[in-house]
>>> print(open('final27.csv').read())   # CSV, C-alpha atoms and all ligand atoms
chain,number,residue,atom,x,y,z
A,12,MET,CA,104.0,102.8,108.8
A,13,PRO,CA,100.3,103.9,108.7
A,14,LEU,CA,98.8,104.7,105.4
A,15,ALA,CA,100.2,107.9,103.9
A,16,ILE,CA,98.3,109.8,101.2
A,17,GLU,CA,100.5,112.0,99.1
A,18,PRO,CA,99.7,114.2,96.0
A,19,ILE,CA,101.7,113.8,92.9
A,20,ALA,CA,101.2,117.0,90.8
A,21,ALA,CA,100.7,116.5,87.0
A,22,PHE,CA,99.6,118.8,84.2
A,23,GLU,CA,98.6,122.3,85.3
A,24,THR,CA,96.2,121.5,88.2
A,25,ASN,CA,95.9,117.7,88.6
A,26,TYR,CA,96.8,115.7,91.6
A,27,ILE,CA,97.5,111.9,91.2
A,28,TRP,CA,97.0,110.6,94.8
A,29,ALA,CA,99.4,108.0,96.0
A,30,LEU,CA,98.3,105.8,99.0
A,31,HIS,CA,101.2,103.9,100.5
A,32,ASP,CA,102.7,102.4,103.6
A,33,GLY,CA,106.3,102.9,102.8
A,34,SER,CA,106.5,99.7,100.7
A,35,GLN,CA,103.3,99.1,98.8
A,36,CYS,CA,101.4,101.8,96.8
A,37,VAL,CA,98.1,102.5,95.1
A,38,LEU,CA,97.8,105.3,92.5
A,39,VAL,CA,94.5,107.1,91.9
A,40,ASP,CA,93.7,108.6,88.5
A,41,PRO,CA,97.2,108.6,86.9
A,42,GLY,CA,96.6,110.9,83.9
A,43,SER,CA,100.3,111.0,83.3
A,44,ALA,CA,102.9,108.3,83.8
A,45,ALA,CA,106.3,110.0,84.2
A,46,GLU,CA,105.5,111.7,87.6
A,47,PRO,CA,104.0,108.7,89.4
A,48,LEU,CA,106.7,106.3,88.0
A,49,ASP,CA,109.4,108.7,89.3
A,50,PHE,CA,107.5,108.9,92.6
A,51,LEU,CA,107.5,105.1,92.9
A,52,THR,CA,111.3,104.9,92.1
A,53,ARG,CA,112.2,107.7,94.4
A,54,LYS,CA,110.3,106.3,97.4
A,55,GLY,CA,111.2,102.6,96.7
A,56,LEU,CA,107.5,101.7,96.5
A,57,LYS,CA,105.9,98.7,94.8
A,58,LEU,CA,102.7,99.5,92.9
A,59,CYS,CA,99.9,97.1,93.9
A,60,ALA,CA,96.8,98.6,92.2
A,61,LEU,CA,95.4,101.5,90.2
A,62,LEU,CA,92.0,103.2,91.0
A,63,LEU,CA,90.3,105.1,88.2
A,64,THR,CA,87.2,107.3,88.8
A,65,HIS,CA,86.3,108.3,85.2
A,66,HIS,CA,87.4,108.1,81.6
A,67,HIS,CA,88.9,111.6,81.1
A,68,PHE,CA,92.4,111.6,79.6
A,69,ASP,CA,93.9,113.6,82.5
A,70,HIS,CA,92.8,110.8,84.8
A,71,ILE,CA,93.7,107.6,82.8
A,72,GLY,CA,96.3,108.9,80.2
A,73,GLY,CA,99.3,107.4,82.1
A,74,ALA,CA,97.7,104.1,82.9
A,75,ASP,CA,98.9,102.1,79.8
A,76,GLU,CA,102.6,103.1,80.4
A,77,ILE,CA,102.4,102.5,84.1
A,78,LEU,CA,100.8,99.0,83.5
A,79,ARG,CA,103.5,98.1,81.0
A,80,ASN,CA,106.1,98.4,83.8
A,81,HIS,CA,103.7,97.3,86.7
A,82,PRO,CA,101.0,94.9,85.7
A,83,VAL,CA,98.5,95.4,88.6
A,84,PRO,CA,94.7,95.2,89.0
A,85,VAL,CA,92.9,98.2,87.8
A,86,TRP,CA,89.7,99.2,89.6
A,87,GLY,CA,87.2,101.4,87.8
A,88,PRO,CA,83.7,101.8,86.4
A,89,LYS,CA,82.2,99.7,83.6
A,90,ASP,CA,82.9,101.9,80.6
A,91,PRO,CA,84.3,100.9,77.2
A,92,ARG,CA,86.2,104.2,77.2
A,93,ILE,CA,88.4,102.7,80.0
A,94,PRO,CA,89.7,99.5,78.6
A,95,GLN,CA,92.5,99.3,81.2
A,96,VAL,CA,90.0,98.4,84.0
A,97,THR,CA,90.3,94.7,85.1
A,98,GLU,CA,88.1,95.0,88.2
A,99,GLN,CA,84.8,96.6,87.2
A,100,VAL,CA,82.9,98.0,90.1
A,101,SER,CA,79.5,99.7,90.5
A,102,GLU,CA,77.4,101.1,93.3
A,103,GLY,CA,77.7,99.1,96.5
A,104,ASP,CA,80.7,97.1,95.3
A,105,ARG,CA,84.0,97.2,97.2
A,106,ALA,CA,87.5,97.7,95.9
A,107,VAL,CA,89.8,95.6,98.1
A,108,VAL,CA,93.6,96.0,98.1
A,109,PRO,CA,94.9,93.5,100.6
A,110,GLU,CA,98.5,94.7,100.3
A,111,LEU,CA,97.4,98.0,102.0
A,112,ALA,CA,94.5,96.6,103.9
A,113,LEU,CA,92.3,98.9,101.9
A,114,ASP,CA,88.6,98.1,101.7
A,115,LEU,CA,86.9,100.9,99.8
A,116,GLN,CA,83.2,101.3,99.1
A,117,VAL,CA,82.2,102.4,95.6
A,118,LEU,CA,79.5,105.0,94.9
A,119,GLU,CA,78.2,105.9,91.4
A,120,THR,CA,78.2,109.6,91.0
A,121,PRO,CA,77.0,110.5,87.5
A,122,GLY,CA,77.1,114.1,86.4
A,123,HIS,CA,80.6,115.1,85.4
A,124,THR,CA,80.6,112.0,83.3
A,125,ILE,CA,77.9,109.4,83.2
A,126,THR,CA,79.9,106.5,84.6
A,127,HIS,CA,81.9,108.5,87.2
A,128,ILE,CA,82.5,106.6,90.5
A,129,VAL,CA,84.2,107.5,93.8
A,130,PHE,CA,85.9,105.4,96.4
A,131,HIS,CA,85.6,105.8,100.1
A,132,ASP,CA,86.1,104.1,103.5
A,133,ASP,CA,85.2,105.5,106.9
A,134,ASP,CA,87.9,108.3,106.7
A,135,ILE,CA,88.7,109.1,103.2
A,136,LEU,CA,86.9,110.0,100.0
A,137,LEU,CA,88.7,109.7,96.6
A,138,ALA,CA,86.4,112.1,94.8
A,139,GLY,CA,87.8,112.4,91.3
A,140,ASP,CA,86.1,115.2,89.4
A,141,THR,CA,82.7,114.9,91.2
A,142,LEU,CA,83.5,117.0,94.3
A,143,PHE,CA,86.1,119.7,94.5
A,144,SER,CA,86.9,121.8,97.5
A,145,ILE,CA,84.3,124.6,97.3
A,146,GLY,CA,83.2,123.4,93.9
A,147,CYS,CA,82.2,120.4,91.8
A,148,GLY,CA,82.9,119.0,88.3
A,149,ARG,CA,81.4,120.5,85.2
A,150,LEU,CA,78.4,118.6,83.7
A,151,PHE,CA,80.0,117.2,80.6
A,152,GLU,CA,77.6,114.3,80.4
A,153,GLY,CA,75.0,114.3,83.2
A,154,THR,CA,72.1,116.5,84.1
A,155,PRO,CA,71.7,118.8,87.1
A,156,GLU,CA,69.3,116.3,88.6
A,157,GLN,CA,71.8,113.5,88.4
A,158,MET,CA,74.6,115.7,89.8
A,159,GLN,CA,72.5,116.9,92.6
A,160,ARG,CA,71.7,113.3,93.5
A,161,SER,CA,75.4,112.4,93.3
A,162,LEU,CA,76.4,115.3,95.6
A,163,ASP,CA,73.6,114.4,98.0
A,164,LYS,CA,75.1,111.0,98.3
A,165,LEU,CA,78.5,112.4,99.2
A,166,SER,CA,77.1,115.0,101.5
A,167,ASP,CA,75.5,112.3,103.6
A,168,LEU,CA,78.9,110.8,104.5
A,169,PRO,CA,80.4,111.7,107.9
A,170,GLY,CA,81.7,115.3,108.4
A,171,HIS,CA,85.2,114.1,109.5
A,172,MET,CA,85.8,112.4,106.1
A,173,LYS,CA,88.8,113.8,104.3
A,174,ILE,CA,88.2,114.7,100.7
A,175,TYR,CA,90.9,114.0,98.1
A,176,CYS,CA,89.9,115.6,94.8
A,177,ALA,CA,91.8,115.5,91.6
A,178,HIS,CA,92.4,119.2,90.9
A,179,GLU,CA,93.8,122.3,92.7
A,180,TYR,CA,90.9,124.5,92.0
A,181,THR,CA,90.1,125.7,95.5
A,182,LEU,CA,91.1,129.4,95.2
A,183,ASP,CA,89.2,130.0,92.0
A,184,ASN,CA,86.3,128.1,93.4
A,185,CYS,CA,86.3,130.4,96.5
A,186,ARG,CA,86.3,133.5,94.3
A,187,PHE,CA,83.2,132.2,92.6
A,188,ALA,CA,81.5,130.9,95.8
A,189,LEU,CA,81.9,134.3,97.4
A,190,GLN,CA,79.7,135.8,94.7
A,191,VAL,CA,77.0,133.3,95.6
A,192,GLU,CA,77.4,133.6,99.4
A,193,PRO,CA,79.4,136.7,100.2
A,194,ASP,CA,78.4,136.6,103.9
A,195,ASN,CA,79.2,133.0,104.7
A,196,PRO,CA,81.8,133.1,107.5
A,197,ALA,CA,83.0,129.5,106.8
A,198,LEU,CA,83.5,130.4,103.2
A,199,LYS,CA,85.4,133.6,104.0
A,200,THR,CA,87.7,131.6,106.3
A,201,ARG,CA,88.4,129.0,103.7
A,202,ALA,CA,89.0,131.6,101.0
A,203,GLU,CA,91.6,133.3,103.2
A,204,GLN,CA,93.2,130.0,104.1
A,205,ALA,CA,93.4,128.9,100.5
A,206,ALA,CA,94.9,132.2,99.4
A,207,GLY,CA,97.6,131.9,102.0
A,208,LEU,CA,98.4,128.3,101.0
A,209,ARG,CA,98.6,129.1,97.3
A,210,GLN,CA,100.7,132.1,97.9
A,211,GLU,CA,103.3,129.7,99.3
A,212,ASP,CA,102.6,127.3,96.5
A,213,LYS,CA,101.1,124.8,98.9
A,214,ILE,CA,98.3,122.3,98.3
A,215,THR,CA,94.9,123.2,99.7
A,216,LEU,CA,93.8,119.6,100.0
A,217,PRO,CA,92.4,117.5,101.6
A,218,SER,CA,89.5,119.3,103.1
A,219,THR,CA,86.9,117.6,105.2
A,220,LEU,CA,83.3,117.0,104.2
A,221,GLY,CA,82.2,119.1,107.2
A,222,GLU,CA,84.1,122.0,105.8
A,223,GLU,CA,82.6,121.5,102.4
A,224,ARG,CA,79.1,121.3,103.7
A,225,ALA,CA,79.6,124.7,105.5
A,226,ALA,CA,81.2,126.5,102.5
A,227,ASN,CA,80.7,124.7,99.2
A,228,PRO,CA,77.7,126.3,97.4
A,229,PHE,CA,77.2,123.1,95.4
A,230,LEU,CA,76.5,121.2,98.6
A,231,ARG,CA,74.3,124.0,99.9
A,232,THR,CA,71.5,124.2,97.3
A,233,ARG,CA,68.9,123.9,100.1
A,234,GLU,CA,70.3,126.9,102.1
A,235,THR,CA,68.3,130.1,102.0
A,236,ALA,CA,71.2,132.3,100.9
A,237,VAL,CA,72.1,130.0,98.0
A,238,VAL,CA,68.4,129.6,96.9
A,239,GLU,CA,68.1,133.4,97.0
A,240,ALA,CA,71.3,134.0,95.0
A,241,ALA,CA,70.1,131.5,92.4
A,242,ASN,CA,66.8,133.2,92.1
A,243,ARG,CA,68.5,136.6,91.7
A,244,ARG,CA,70.7,135.2,89.0
A,245,GLU,CA,67.8,133.5,87.2
A,246,PRO,CA,64.4,134.8,88.4
A,247,GLY,CA,61.8,132.1,88.7
A,248,THR,CA,64.2,129.3,89.6
A,249,GLY,CA,62.3,128.3,92.7
A,250,GLU,CA,63.6,126.2,95.5
A,251,LYS,CA,64.1,122.7,94.1
A,252,PRO,CA,67.7,121.8,94.9
A,253,GLU,CA,68.3,120.4,91.4
A,254,ALA,CA,67.0,123.7,89.8
A,255,VAL,CA,69.1,125.8,92.2
A,256,PHE,CA,72.1,123.5,91.5
A,257,GLY,CA,71.6,124.0,87.7
A,258,VAL,CA,71.6,127.8,88.1
A,259,ILE,CA,74.8,127.8,90.2
A,260,ARG,CA,76.5,125.4,87.9
A,261,ARG,CA,75.7,127.6,84.8
A,262,TRP,CA,76.7,130.7,86.7
A,263,LYS,CA,80.1,129.1,87.5
A,264,ASP,CA,80.5,127.9,83.9
A,265,ALA,CA,80.0,131.5,82.7
A,266,SER,CA,82.3,133.1,85.3
B,1,ZN,ZN,87.1,114.9,84.4
>>> encode(input="final27.csv", output="structure tokens", more="lines below")
Ligand SMILES: [Zn+2]
Amino acid sequence: MPLAIEPIAAFETNYIWALHDGSQCVLVDPGSAAEPLDFLTRKGLKLCALLLTHHHFDHIGGADEILRNHPVPVWGPKDPRIPQVTEQVSEGDRAVVPELALDLQVLETPGHTITHIVFHDDDILLAGDTLFSIGCGRLFEGTPEQMQRSLDKLSDLPGHMKIYCAHEYTLDNCRFALQVEPDNPALKTRAEQAAGLRQEDKITLPSTLGEERAANPFLRTRETAVVEAANRREPGTGEKPEAVFGVIRRWKDAS
């Protein structure tokens, strides 16, 4: 069968993504072990690799237990806080999983953490906590300048690309984004769609990069409406995208 990409819910809001073909499986950011191990058993899948985007516990916390049962290669950034990584990758490297014919490009996206990476091919982006639908990760370690550059990198990818992020934050993100851009029709549509899906307890992901560029304020820091909103929030911000980004990020953090 063609590659399936399924979410495994963990904790309150996390999704551990499982990429599989009905027999072989890759897990992305297993913060917990029980749910993905159950998933593998239930579906009769053989684990062939783990992909890790960054060191936060809710992304790697299940890795040790999973690896005890399934010793597989672990792709991730060079970071002493992620000792499980066996295949260290950085900007421009590729993560290759022959069992699933996966050949993923690695991008470094510092901001949420300083060593955060994402994986992508021509169709999918495994975004970790860098890009969320209608949002982005908090700046725990990086600067607004770094995160703006990281998001610019992602924003340059093709619009059809499907975005698999690691948290179900879309509805909350839409509520905030509507404060920044109350008149953005693409955002209003996304907010209504997300509200409907969550009412039925359904996942709002993946979105596409095209949809994010049209509605996600953190990818729109050069748009007049977003620049104006940032300058209303913090007068004197100016038009530099990293400055606008910094204001929007602080505004979101305080909301
Ligand atoms: Zn994180």
>>> atom_distance(input="final27.csv", atom1="atom CA of A:Val129", atom2="atom CA of A:Arg149")
15.8 Å
>>> residues_near_ligand(input="final27.csv", ligand="ligand ZN 1 (chain B)", cutoff="9 Å", atoms="all atoms listed in the file", output="mmCIF file with C-alpha atoms, keeping the file's coordinate frame")
data_model
loop_
_atom_site.group_PDB
_atom_site.id
_atom_site.type_symbol
_atom_site.label_atom_id
_atom_site.label_comp_id
_atom_site.auth_asym_id
_atom_site.auth_seq_id
_atom_site.Cartn_x
_atom_site.Cartn_y
_atom_site.Cartn_z
ATOM 1 C CA THR A 64 87.200 107.300 88.800
ATOM 2 C CA HIS A 65 86.300 108.300 85.200
ATOM 3 C CA HIS A 66 87.400 108.100 81.600
ATOM 4 C CA HIS A 67 88.900 111.600 81.100
ATOM 5 C CA PHE A 68 92.400 111.600 79.600
ATOM 6 C CA ASP A 69 93.900 113.600 82.500
ATOM 7 C CA HIS A 70 92.800 110.800 84.800
ATOM 8 C CA HIS A 123 80.600 115.100 85.400
ATOM 9 C CA THR A 124 80.600 112.000 83.300
ATOM 10 C CA HIS A 127 81.900 108.500 87.200
ATOM 11 C CA GLY A 139 87.800 112.400 91.300
ATOM 12 C CA ASP A 140 86.100 115.200 89.400
ATOM 13 C CA THR A 141 82.700 114.900 91.200
ATOM 14 C CA GLY A 148 82.900 119.000 88.300
ATOM 15 C CA ARG A 149 81.400 120.500 85.200
ATOM 16 C CA PHE A 151 80.000 117.200 80.600
ATOM 17 C CA ALA A 177 91.800 115.500 91.600
#
>>> closest_residue(input="final27.csv", among="A:Ile125, A:Ile27, A:Ile16, A:Leu56", to="A:Gly153", atoms="only C-alpha atoms")
A:Ile125
>>> atom_distance(input="final27.csv", atom1="atom CA of A:Pro169", atom2="atom CA of A:Glu152")
27.8 Å
>>> residues_around(input="final27.csv", residues="A:Leu63", least_positions_apart="6", cutoff="12 Å", atoms="all atoms listed in the file", output="PyMOL selection string")
chain A and resi 27-28+37-42+69-74+84-90+92-100+106+117+126-130+137-140+177
>>> closest_residue(input="final27.csv", among="A:Val255, A:Leu111, A:Leu220, A:Ile214", to="A:Ala236", atoms="all atoms listed in the file")
A:Val255
>>> atom_distance(input="final27.csv", atom1="atom CA of A:Lys164", atom2="atom CA of A:Glu17")
25.4 Å
>>> residues_around(input="final27.csv", residues="A:Gly103", least_positions_apart="2", cutoff="9 Å", atoms="only C-alpha atoms", output="PyMOL selection string")
chain A and resi 100-101+105+116-119
>>> closest_residue(input="final27.csv", among="A:Asp49, A:Asp104, A:Asp163, A:Asp133", to="A:Pro121", atoms="all atoms listed in the file")
A:Asp163
>>> residues_around(input="final27.csv", residues="A:Ser144", least_positions_apart="5", cutoff="8 Å", atoms="only C-alpha atoms", output="PyMOL selection string")
chain A and resi 174+176+180-181+184+216+218+223+227
>>> residues_near_point(input="final27.csv", point="(94.8, 110.1, 104.4)", cutoff="12 Å", atoms="only C-alpha atoms", output="list in words")
Pro13, Leu14, Ala15, Ile16, Glu17, Pro18, Trp28, Ala29, Leu30, His31, Asp32, Leu113, His131, Asp132, Asp133, Asp134, Ile135, Leu136, Leu137, His171, Met172, Lys173, Ile174, Tyr175, Leu216, Pro217, Ser218 and Thr219 of chain A
>>> closest_residue(input="final27.csv", among="A:Glu179, A:Ala225, A:Cys36, A:Arg160", to="A:Lys199", atoms="all atoms listed in the file")
A:Ala225
>>> residues_near_point(input="final27.csv", point="(77.5, 126.0, 86.0)", cutoff="10 Å", atoms="all atoms listed in the file", output="ChimeraX atom specification")
/A:147-150,155,229,256-266
>>> residues_around(input="final27.csv", residues="A:His81", least_positions_apart="2", cutoff="10 Å", atoms="only C-alpha atoms", output="list in words")
Leu48, Lys57, Leu58, Cys59, Ala60, Leu61, Ala74, Asp75, Glu76, Ile77, Leu78, Arg79, Val83 and Pro84 of chain A
>>> write_last_selection(input="final27.csv", atoms="C-alpha atoms", output="PDB file, in the coordinates of the input")
ATOM      1  CA  LEU A  48     106.700 106.300  88.000  1.00  0.00           C
ATOM      2  CA  LYS A  57     105.900  98.700  94.800  1.00  0.00           C
ATOM      3  CA  LEU A  58     102.700  99.500  92.900  1.00  0.00           C
ATOM      4  CA  CYS A  59      99.900  97.100  93.900  1.00  0.00           C
ATOM      5  CA  ALA A  60      96.800  98.600  92.200  1.00  0.00           C
ATOM      6  CA  LEU A  61      95.400 101.500  90.200  1.00  0.00           C
ATOM      7  CA  ALA A  74      97.700 104.100  82.900  1.00  0.00           C
ATOM      8  CA  ASP A  75      98.900 102.100  79.800  1.00  0.00           C
ATOM      9  CA  GLU A  76     102.600 103.100  80.400  1.00  0.00           C
ATOM     10  CA  ILE A  77     102.400 102.500  84.100  1.00  0.00           C
ATOM     11  CA  LEU A  78     100.800  99.000  83.500  1.00  0.00           C
ATOM     12  CA  ARG A  79     103.500  98.100  81.000  1.00  0.00           C
ATOM     13  CA  VAL A  83      98.500  95.400  88.600  1.00  0.00           C
ATOM     14  CA  PRO A  84      94.700  95.200  89.000  1.00  0.00           C
TER      15      PRO A  84
END
>>> closest_residue(input="final27.csv", among="A:Gly146, A:Pro47, A:Gly170, A:Gly122", to="A:Asp183", atoms="all atoms listed in the file")
A:Gly146
